[in-house]
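Beneath this line is the structure, given in structure tokens, with notes to follow.
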Amino acid sequence: MIKLLGEYLILLYEIFKRPDKGPVFRRQLLVEFIGLGVDSIGIVAIISVFTGAIVAIQTATNIDSPLIPLMMVGFTTRQMMVLEFSPTMISLILAGKVGSRIASEIGTMRVTEQIDALRVMGVNPANYLILPKITVSMLFNPVLIVFSIVLGLWGGLIACVVTGLVATPDYIAGLRGWFDPFTITYAMIKTVVFAFIIASVSGFLGFTVEGGSVEVGRASTKAVVASSILIIFFDLILTQLLLV
Amino acid sequence: MILVENICKTFGENQVLENVSTRFEKGKTNLIIGQSGSGKTVLMKCCIGLIEPNQGVISFDNRPFSSVSERSKRSIRKEMGVLFQGGALFDSMNVEQNVMFPLNMFTEMSLDEKLDRVNFCLKRVNLINVNHLYPSEISGGMMKRVAIARAISNSPKYLFCDEPNSGLDPKTAEVIDQLISEITEEYNMTTVVNTHDMNSVLQIGQSINFLYKGKLWWTGDKHSILNTDNQELKDFVFSTELTRRLRK
């Protein structure tokens with residue numbers, strides 16, 4: 001475990017060296033922006049809308065006491081989406097989608113000697129391959145999370161209107177009530193940390209693959225599992241540090 | 001010229017290379033031959049810096065390469081072209097982008113200049129109108145030729161080829177061998193070819209290094225190899241039915 005951590009830190013040192021050539025790095029950023037960012041919009045949108053709707057319905061149907069105002073449905077949906085669902089659950093989903101993609105892409109390059117080819121050309125392969133992925137993830141995942149929060153809240157509103165469980169003014173009043181802007185900061189900090197975990201851990205596991213296609217598959221699975229566990233672990237630590 | 005002096009390499013208990021010393025001459029096609037497991041791939045990987053030897057020195061035109069910092073190695077690496085066994089073309093790039101890659105990374109050429117160079121290199125390896133095809137859309141022989149074009153695009157001083165004929169039919173293999181030999185003479189490069197293909201040995205072996213159980217067992221050329229008295233080399237050279245019949 002300590003050896004693995006050491007190897008990971010050494011790789012990070014290689015990754016965060018100055019890119020060999022600025023224009024090439026910028027081109028790679030654009031490629032990854034589309035591959036890791038834009039391509040994830042669809043799944044984030046679908047899951048966010050449905051989850052917002054589900055949270056709203058579940059909250060509405062579980063409010064039995066007449067003393068609790070129905071505007072709490074909007075409030076709860078907002079808090080759920082901002083505090084936990086969007087930053088953590090979407091990051092877990094991205095760990096599956098983006099993490100496996102990064103690990104399998106880099107792992108395949110490793111076993112087909114493409115990384116060796118980069119190295120013997122004098123290119124720093126860790127920097128060339130992984131730094132753009134980390135950069136794009138850390139820059140674009142917050143955008144995805146804001147998008148997810150907005151769509152989740154819309155999903156909750158649609159559910160309230162369609163089912164008639166909560167009136168629209170009540171739901172909107174709940175969304176607006178008792179808002180603490182720090183919750184957004186908290187969500188963004190978590191998102192950036194999780195984005196770093198997903199891209200760097202998956203990149204590391206792909207980069208260190210030895211063997212053939214079976215090992216690439218294993219690295220891909222490991223990337224999802226390790227990223228997910230680390231996300232939950234750091235979720236707990238960040239929550240303790242930032243909210244308590 | 002590449003000088004290899006007393007190279008030793010062990011993996012755990014297994015000694016793969018034992019005091020290997022040789023020189024790879026400029027303007028010649030230098031071959032490393034031997035059976036599978038004889039250590040030829042490890043020797044080549046030591047030469048290109050993918051494996052660090054436990055002992056010994058490798059120098060490129062009197063510039064030390066082994067046991068120096070990665071930064072020092074990089075300047076020499078930029079003068080190397082390497083043809084990997086599987087081609088190692090970048091899947092996400094088309095042929096043109098693959099060949100242009102070293103130019104993008106290490107030159108300040110304009111796009112037009114780079115395109116001219118790419119087309120020149122592709123034409124040199126007899127590939128025309130393939131610029132926009134991806135590696136998955138071309139044959140094994142074409143892949144090897146694209147890999148050669150990429151290796152020579154930045155005008156390297158040293159060319160390393162790891163089993164350039166593996167997986168190719170005899171005719172395509174001959175074309176690749178011929179190409180390597182011609183390019184070596186044309187650009188006056190130091191070329192090192194790792195092979196166990198006897199056709200290649202007899203066709204392009206201007207300088208041959210035979211490895212046996214991790215030791216340099218014999219050196220010579222394509223003319224002297226057929227008349228050798230070295231038993232291990234004879235066993236290797238005449239290991240196939242075809243070569244045995246030719247010998248008779």
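Chain labels A, B, ... are given in the sequence in which chains occur in the structure tokens; within each chain residues are numbered consecutively from 1, and ligands are likewise numbered from 1 in the order shown.
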
Interface rows for chain A against chain B: nearest pair, Å to one decimal, 7 Å, only C-alpha atoms, as a tab-separated table:
```
residue	atom	partner	partner_atom	distance
A:Lys21	CA	B:Met105	CA	6.3
A:Thr112	CA	B:Ala88	CA	6.0
A:Glu113	CA	B:Ala88	CA	5.4
A:Gln114	CA	B:Ala88	CA	4.8
A:Ala117	CA	B:Ala88	CA	6.5
A:Val120	CA	B:Arg77	CA	5.7
A:Met121	CA	B:Arg77	CA	5.5
A:Gly122	CA	B:Arg74	CA	4.9
```

| task | For Ile102 in chain A, please output as a VMD selection string all residues within 10 Å (counting only C-alpha atoms; exclusion window: fewer than 5 positions along the same chain). | result | chain A and resid 35 to 36 95 97 107 to 108 129 to 130 133 198 to 207 220 223

| task | as a PyMOL selection string, please: all residues of range 11-193 of chain A that backbone DSSP puts in alpha helix (DSSP H). | result | chain A and resi 11-15+22-32+41-62+71-79+90-94+100-111+114-121+125-163+168-176+182-193

Compile the contact shell of Ser91 in chain A as a PDB file with N, CA and C atoms, in the first residue's frame: residues with an atom at most 12 Å away, counting only C-alpha atoms, same-chain residues fewer than 2 positions apart removed.
```pdb
ATOM      1  N   SER A  40     -20.093  13.966 -21.272  1.00  0.00           N
ATOM      2  CA  SER A  40     -20.743  13.541 -20.021  1.00  0.00           C
ATOM      3  C   SER A  40     -22.038  14.305 -19.743  1.00  0.00           C
ATOM      4  N   ILE A  43     -25.572  12.100 -19.736  1.00  0.00           N
ATOM      5  CA  ILE A  43     -25.859  11.210 -18.588  1.00  0.00           C
ATOM      6  C   ILE A  43     -26.109  12.034 -17.322  1.00  0.00           C
ATOM      7  N   VAL A  44     -25.351  13.128 -17.154  1.00  0.00           N
ATOM      8  CA  VAL A  44     -25.537  13.995 -15.975  1.00  0.00           C
ATOM      9  C   VAL A  44     -26.940  14.615 -16.021  1.00  0.00           C
ATOM     10  N   ILE A  47     -29.779  11.840 -15.264  1.00  0.00           N
ATOM     11  CA  ILE A  47     -29.784  11.397 -13.866  1.00  0.00           C
ATOM     12  C   ILE A  47     -30.222  12.533 -12.931  1.00  0.00           C
ATOM     13  N   SER A  48     -29.773  13.752 -13.220  1.00  0.00           N
ATOM     14  CA  SER A  48     -30.104  14.878 -12.328  1.00  0.00           C
ATOM     15  C   SER A  48     -31.593  15.186 -12.340  1.00  0.00           C
ATOM     16  N   GLU A  84     -25.234  17.141  -1.402  1.00  0.00           N
ATOM     17  CA  GLU A  84     -24.751  15.774  -1.554  1.00  0.00           C
ATOM     18  C   GLU A  84     -24.942  15.181  -2.953  1.00  0.00           C
ATOM     19  N   PHE A  85     -26.191  15.265  -3.434  1.00  0.00           N
ATOM     20  CA  PHE A  85     -26.413  14.505  -4.659  1.00  0.00           C
ATOM     21  C   PHE A  85     -25.534  14.957  -5.817  1.00  0.00           C
ATOM     22  N   SER A  86     -25.594  16.237  -6.150  1.00  0.00           N
ATOM     23  CA  SER A  86     -24.840  16.669  -7.342  1.00  0.00           C
ATOM     24  C   SER A  86     -23.332  16.503  -7.175  1.00  0.00           C
ATOM     25  N   PRO A  87     -22.722  17.048  -6.128  1.00  0.00           N
ATOM     26  CA  PRO A  87     -21.259  16.895  -6.063  1.00  0.00           C
ATOM     27  C   PRO A  87     -20.799  15.456  -5.850  1.00  0.00           C
ATOM     28  N   THR A  88     -21.486  14.704  -5.000  1.00  0.00           N
ATOM     29  CA  THR A  88     -20.973  13.364  -4.675  1.00  0.00           C
ATOM     30  C   THR A  88     -21.493  12.299  -5.629  1.00  0.00           C
ATOM     31  N   MET A  89     -22.823  12.233  -5.772  1.00  0.00           N
ATOM     32  CA  MET A  89     -23.374  11.161  -6.614  1.00  0.00           C
ATOM     33  C   MET A  89     -22.960  11.323  -8.072  1.00  0.00           C
ATOM     34  N   ILE A  93     -20.780   8.808 -10.404  1.00  0.00           N
ATOM     35  CA  ILE A  93     -21.163   8.363 -11.759  1.00  0.00           C
ATOM     36  C   ILE A  93     -20.045   8.688 -12.757  1.00  0.00           C
ATOM     37  N   LEU A  94     -19.439   9.857 -12.574  1.00  0.00           N
ATOM     38  CA  LEU A  94     -18.322  10.225 -13.464  1.00  0.00           C
ATOM     39  C   LEU A  94     -17.107   9.326 -13.220  1.00  0.00           C
ATOM     40  N   ALA A  95     -16.956   8.863 -11.979  1.00  0.00           N
ATOM     41  CA  ALA A  95     -15.855   7.922 -11.699  1.00  0.00           C
ATOM     42  C   ALA A  95     -16.036   6.671 -12.552  1.00  0.00           C
ATOM     43  N   GLY A  96     -17.287   6.244 -12.712  1.00  0.00           N
ATOM     44  CA  GLY A  96     -17.574   5.083 -13.553  1.00  0.00           C
ATOM     45  C   GLY A  96     -17.375   5.391 -15.021  1.00  0.00           C
ATOM     46  N   LYS A  97     -17.900   6.508 -15.464  1.00  0.00           N
ATOM     47  CA  LYS A  97     -17.849   6.808 -16.901  1.00  0.00           C
ATOM     48  C   LYS A  97     -16.460   7.295 -17.338  1.00  0.00           C
ATOM     49  N   VAL A  98     -16.004   8.364 -16.671  1.00  0.00           N
ATOM     50  CA  VAL A  98     -14.736   8.985 -17.075  1.00  0.00           C
ATOM     51  C   VAL A  98     -13.536   8.178 -16.569  1.00  0.00           C
ATOM     52  N   GLY A  99     -13.627   7.682 -15.318  1.00  0.00           N
ATOM     53  CA  GLY A  99     -12.510   6.942 -14.732  1.00  0.00           C
ATOM     54  C   GLY A  99     -12.165   5.696 -15.540  1.00  0.00           C
ATOM     55  N   SER A 137     -10.850  17.886 -16.094  1.00  0.00           N
ATOM     56  CA  SER A 137     -11.789  17.388 -15.076  1.00  0.00           C
ATOM     57  C   SER A 137     -11.998  18.441 -13.994  1.00  0.00           C
ATOM     58  N   MET A 138     -10.895  19.054 -13.532  1.00  0.00           N
ATOM     59  CA  MET A 138     -11.016  20.022 -12.434  1.00  0.00           C
ATOM     60  C   MET A 138     -11.698  21.319 -12.877  1.00  0.00           C
ATOM     61  N   PHE A 140     -13.933  21.461 -15.666  1.00  0.00           N
ATOM     62  CA  PHE A 140     -15.258  21.251 -16.257  1.00  0.00           C
ATOM     63  C   PHE A 140     -16.239  20.556 -15.319  1.00  0.00           C
ATOM     64  N   ASN A 141     -15.754  19.736 -14.388  1.00  0.00           N
ATOM     65  CA  ASN A 141     -16.691  19.070 -13.477  1.00  0.00           C
ATOM     66  C   ASN A 141     -17.520  20.061 -12.648  1.00  0.00           C
ATOM     67  N   PRO A 142     -16.950  21.173 -12.141  1.00  0.00           N
ATOM     68  CA  PRO A 142     -17.804  22.148 -11.446  1.00  0.00           C
ATOM     69  C   PRO A 142     -18.939  22.668 -12.334  1.00  0.00           C
ATOM     70  N   LEU A 144     -20.352  20.971 -14.736  1.00  0.00           N
ATOM     71  CA  LEU A 144     -21.321  19.857 -14.793  1.00  0.00           C
ATOM     72  C   LEU A 144     -22.165  19.802 -13.517  1.00  0.00           C
ATOM     73  N   ILE A 145     -21.548  20.084 -12.391  1.00  0.00           N
ATOM     74  CA  ILE A 145     -22.263  19.985 -11.110  1.00  0.00           C
ATOM     75  C   ILE A 145     -23.297  21.109 -10.983  1.00  0.00           C
ATOM     76  N   SER A 148     -26.028  20.122 -13.052  1.00  0.00           N
ATOM     77  CA  SER A 148     -26.790  19.047 -12.402  1.00  0.00           C
ATOM     78  C   SER A 148     -27.730  19.613 -11.333  1.00  0.00           C
ATOM     79  N   ALA A 187     -19.948  22.667  -2.153  1.00  0.00           N
ATOM     80  CA  ALA A 187     -20.180  21.728  -3.266  1.00  0.00           C
ATOM     81  C   ALA A 187     -19.071  21.836  -4.311  1.00  0.00           C
ATOM     82  N   MET A 188     -18.628  23.046  -4.583  1.00  0.00           N
ATOM     83  CA  MET A 188     -17.590  23.247  -5.600  1.00  0.00           C
ATOM     84  C   MET A 188     -16.233  22.704  -5.118  1.00  0.00           C
ATOM     85  N   LYS A 190     -15.777  20.278  -3.002  1.00  0.00           N
ATOM     86  CA  LYS A 190     -15.859  18.805  -3.085  1.00  0.00           C
ATOM     87  C   LYS A 190     -15.691  18.340  -4.529  1.00  0.00           C
ATOM     88  N   THR A 191     -16.372  19.028  -5.447  1.00  0.00           N
ATOM     89  CA  THR A 191     -16.327  18.631  -6.860  1.00  0.00           C
ATOM     90  C   THR A 191     -14.904  18.660  -7.407  1.00  0.00           C
ATOM     91  N   VAL A 192     -14.183  19.729  -7.079  1.00  0.00           N
ATOM     92  CA  VAL A 192     -12.810  19.866  -7.597  1.00  0.00           C
ATOM     93  C   VAL A 192     -11.915  18.762  -7.024  1.00  0.00           C
ATOM     94  N   VAL A 193     -12.065  18.485  -5.741  1.00  0.00           N
ATOM     95  CA  VAL A 193     -11.259  17.421  -5.117  1.00  0.00           C
ATOM     96  C   VAL A 193     -11.612  16.067  -5.748  1.00  0.00           C
ATOM     97  N   PHE A 194     -12.904  15.816  -5.932  1.00  0.00           N
ATOM     98  CA  PHE A 194     -13.322  14.533  -6.522  1.00  0.00           C
ATOM     99  C   PHE A 194     -12.843  14.415  -7.976  1.00  0.00           C
ATOM    100  N   ALA A 195     -12.869  15.528  -8.701  1.00  0.00           N
ATOM    101  CA  ALA A 195     -12.406  15.509 -10.105  1.00  0.00           C
ATOM    102  C   ALA A 195     -10.929  15.141 -10.155  1.00  0.00           C
ATOM    103  N   PHE A 196     -10.155  15.705  -9.227  1.00  0.00           N
ATOM    104  CA  PHE A 196      -8.723  15.388  -9.169  1.00  0.00           C
ATOM    105  C   PHE A 196      -8.525  13.899  -8.871  1.00  0.00           C
ATOM    106  N   ILE A 197      -9.310  13.395  -7.921  1.00  0.00           N
ATOM    107  CA  ILE A 197      -9.199  11.971  -7.556  1.00  0.00           C
ATOM    108  C   ILE A 197      -9.511  11.096  -8.769  1.00  0.00           C
ATOM    109  N   ILE A 198     -10.627  11.374  -9.432  1.00  0.00           N
ATOM    110  CA  ILE A 198     -11.050  10.533 -10.569  1.00  0.00           C
ATOM    111  C   ILE A 198      -9.964  10.505 -11.649  1.00  0.00           C
ATOM    112  N   ALA A 199      -9.508  11.684 -12.066  1.00  0.00           N
ATOM    113  CA  ALA A 199      -8.564  11.731 -13.193  1.00  0.00           C
ATOM    114  C   ALA A 199      -7.181  11.204 -12.803  1.00  0.00           C
ATOM    115  N   VAL A 224     -12.424   2.480 -11.203  1.00  0.00           N
ATOM    116  CA  VAL A 224     -13.771   2.862 -10.757  1.00  0.00           C
ATOM    117  C   VAL A 224     -13.915   2.602  -9.255  1.00  0.00           C
ATOM    118  N   SER A 227     -11.516   4.998  -7.192  1.00  0.00           N
ATOM    119  CA  SER A 227     -11.998   6.391  -7.227  1.00  0.00           C
ATOM    120  C   SER A 227     -13.253   6.532  -6.368  1.00  0.00           C
ATOM    121  N   SER A 228     -14.160   5.559  -6.468  1.00  0.00           N
ATOM    122  CA  SER A 228     -15.421   5.641  -5.717  1.00  0.00           C
ATOM    123  C   SER A 228     -15.158   5.623  -4.208  1.00  0.00           C
ATOM    124  N   ILE A 229     -14.279   4.720  -3.779  1.00  0.00           N
ATOM    125  CA  ILE A 229     -13.983   4.620  -2.345  1.00  0.00           C
ATOM    126  C   ILE A 229     -13.329   5.923  -1.855  1.00  0.00           C
ATOM    127  N   LEU A 230     -12.377   6.425  -2.655  1.00  0.00           N
ATOM    128  CA  LEU A 230     -11.695   7.666  -2.245  1.00  0.00           C
ATOM    129  C   LEU A 230     -12.657   8.853  -2.219  1.00  0.00           C
ATOM    130  N   ILE A 231     -13.601   8.873  -3.157  1.00  0.00           N
ATOM    131  CA  ILE A 231     -14.585   9.972  -3.181  1.00  0.00           C
ATOM    132  C   ILE A 231     -15.409   9.967  -1.896  1.00  0.00           C
ATOM    133  N   ILE A 232     -15.887   8.791  -1.512  1.00  0.00           N
ATOM    134  CA  ILE A 232     -16.706   8.696  -0.296  1.00  0.00           C
ATOM    135  C   ILE A 232     -15.870   9.063   0.935  1.00  0.00           C
ATOM    136  N   PHE A 234     -13.133  11.001   1.075  1.00  0.00           N
ATOM    137  CA  PHE A 234     -12.852  12.439   1.116  1.00  0.00           C
ATOM    138  C   PHE A 234     -14.126  13.260   1.313  1.00  0.00           C
ATOM    139  N   ASP A 235     -15.266  12.692   0.941  1.00  0.00           N
ATOM    140  CA  ASP A 235     -16.548  13.358   1.198  1.00  0.00           C
ATOM    141  C   ASP A 235     -16.727  13.517   2.711  1.00  0.00           C
TER     142      ASP A 235
END
```

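Put simply, CA of Arg117 in chain B is 8.2 Å away from CA of Met100 in chain B.
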
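In terms of minimum interatomic distance to Pro125 in chain A, A:Arg110 ranks closest within A:Gly212, A:Thr76, A:Gly174, A:Arg110, counting only C-alpha atoms.
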
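Here CA of Ser181 in chain B and CA of Val20 in chain B stand 24.8 Å from one another.
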
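Residues in contact with range 206-216 of chain B at 7 Å, where only C-alpha atoms are counted and same-chain residues fewer than 4 positions away are skipped, are listed as Val16, Leu17, Glu18, Asn19, Val20, Lys28, Thr29, Asn30, Leu31, Ile32, Ile33, Gly34, Ser38, Gly39, Lys40, Gly220, Asp221 and Lys222 of chain B.
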
| task | Using DSSP on the backbone coordinates, identify all residues within range 75-238 of chain B classified as strand (DSSP E or B); present the result as a ChimeraX atom specification. | result | /B:80-83,158-162,190-195,207-212,215-220

Surrounding residues of range 132-135 of chain B excluding itself and chain neighbours under 3 positions, 7 Å, only C-alpha atoms, as an mmCIF file with N, CA and C atoms, in the first residue's frame:
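Contents of the output file around_30.cif:
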```cif
data_model
loop_
_atom_site.group_PDB
_atom_site.id
_atom_site.type_symbol
_atom_site.label_atom_id
_atom_site.label_comp_id
_atom_site.auth_asym_id
_atom_site.auth_seq_id
_atom_site.Cartn_x
_atom_site.Cartn_y
_atom_site.Cartn_z
ATOM 1 N N LEU B 89 1.765 2.939 -33.198
ATOM 2 C CA LEU B 89 1.171 4.187 -33.711
ATOM 3 C C LEU B 89 0.104 4.641 -32.731
ATOM 4 N N ASP B 91 -3.311 5.474 -31.611
ATOM 5 C CA ASP B 91 -4.641 5.111 -32.127
ATOM 6 C C ASP B 91 -5.526 6.312 -32.416
ATOM 7 N N MET B 93 -4.775 9.175 -33.433
ATOM 8 C CA MET B 93 -4.311 10.084 -34.491
ATOM 9 C C MET B 93 -4.306 9.365 -35.831
ATOM 10 N N ASN B 94 -4.562 10.112 -36.899
ATOM 11 C CA ASN B 94 -4.467 9.485 -38.218
ATOM 12 C C ASN B 94 -2.994 9.422 -38.650
ATOM 13 N N VAL B 95 -2.774 8.855 -39.825
ATOM 14 C CA VAL B 95 -1.397 8.635 -40.294
ATOM 15 C C VAL B 95 -0.617 9.939 -40.316
ATOM 16 N N GLU B 96 -1.241 10.975 -40.871
ATOM 17 C CA GLU B 96 -0.562 12.268 -40.988
ATOM 18 C C GLU B 96 -0.189 12.821 -39.612
ATOM 19 N N ILE B 138 -5.523 0.467 -41.574
ATOM 20 C CA ILE B 138 -4.445 0.082 -42.500
ATOM 21 C C ILE B 138 -3.870 -1.288 -42.130
ATOM 22 N N MET B 143 1.295 -0.255 -41.449
ATOM 23 C CA MET B 143 1.557 0.275 -40.102
ATOM 24 C C MET B 143 3.054 0.412 -39.853
#
```

| query | Leaving out Cys46 in chain B and any residue of its chain fewer than 4 positions from it, which residues lie within 9 Å of it when counting only C-alpha atoms, given as a list in words? | reply | Ile7, Lys9, Thr41, Val42, Leu50, Ile51, Glu52, Pro53, Ile58 and Ser66 of chain B

| message | If we count only C-alpha atoms and set the cut-off at 8 Å, which residues sit around Asn127 in chain A, ignoring sequence neighbours fewer than 2 positions away in its own chain? Please answer as number ranges by chain. | response | A: 14-19, 124-125, 129-132

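The space between CA of Val38 in chain A and CA of Ile149 in chain A spans 16.8 Å.
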
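Shortest separation to Phe50 in chain A among A:Gln240, A:Lys222, A:Ile158, A:Tyr128 occurs at residue A:Ile158, atoms counted being only C-alpha atoms.
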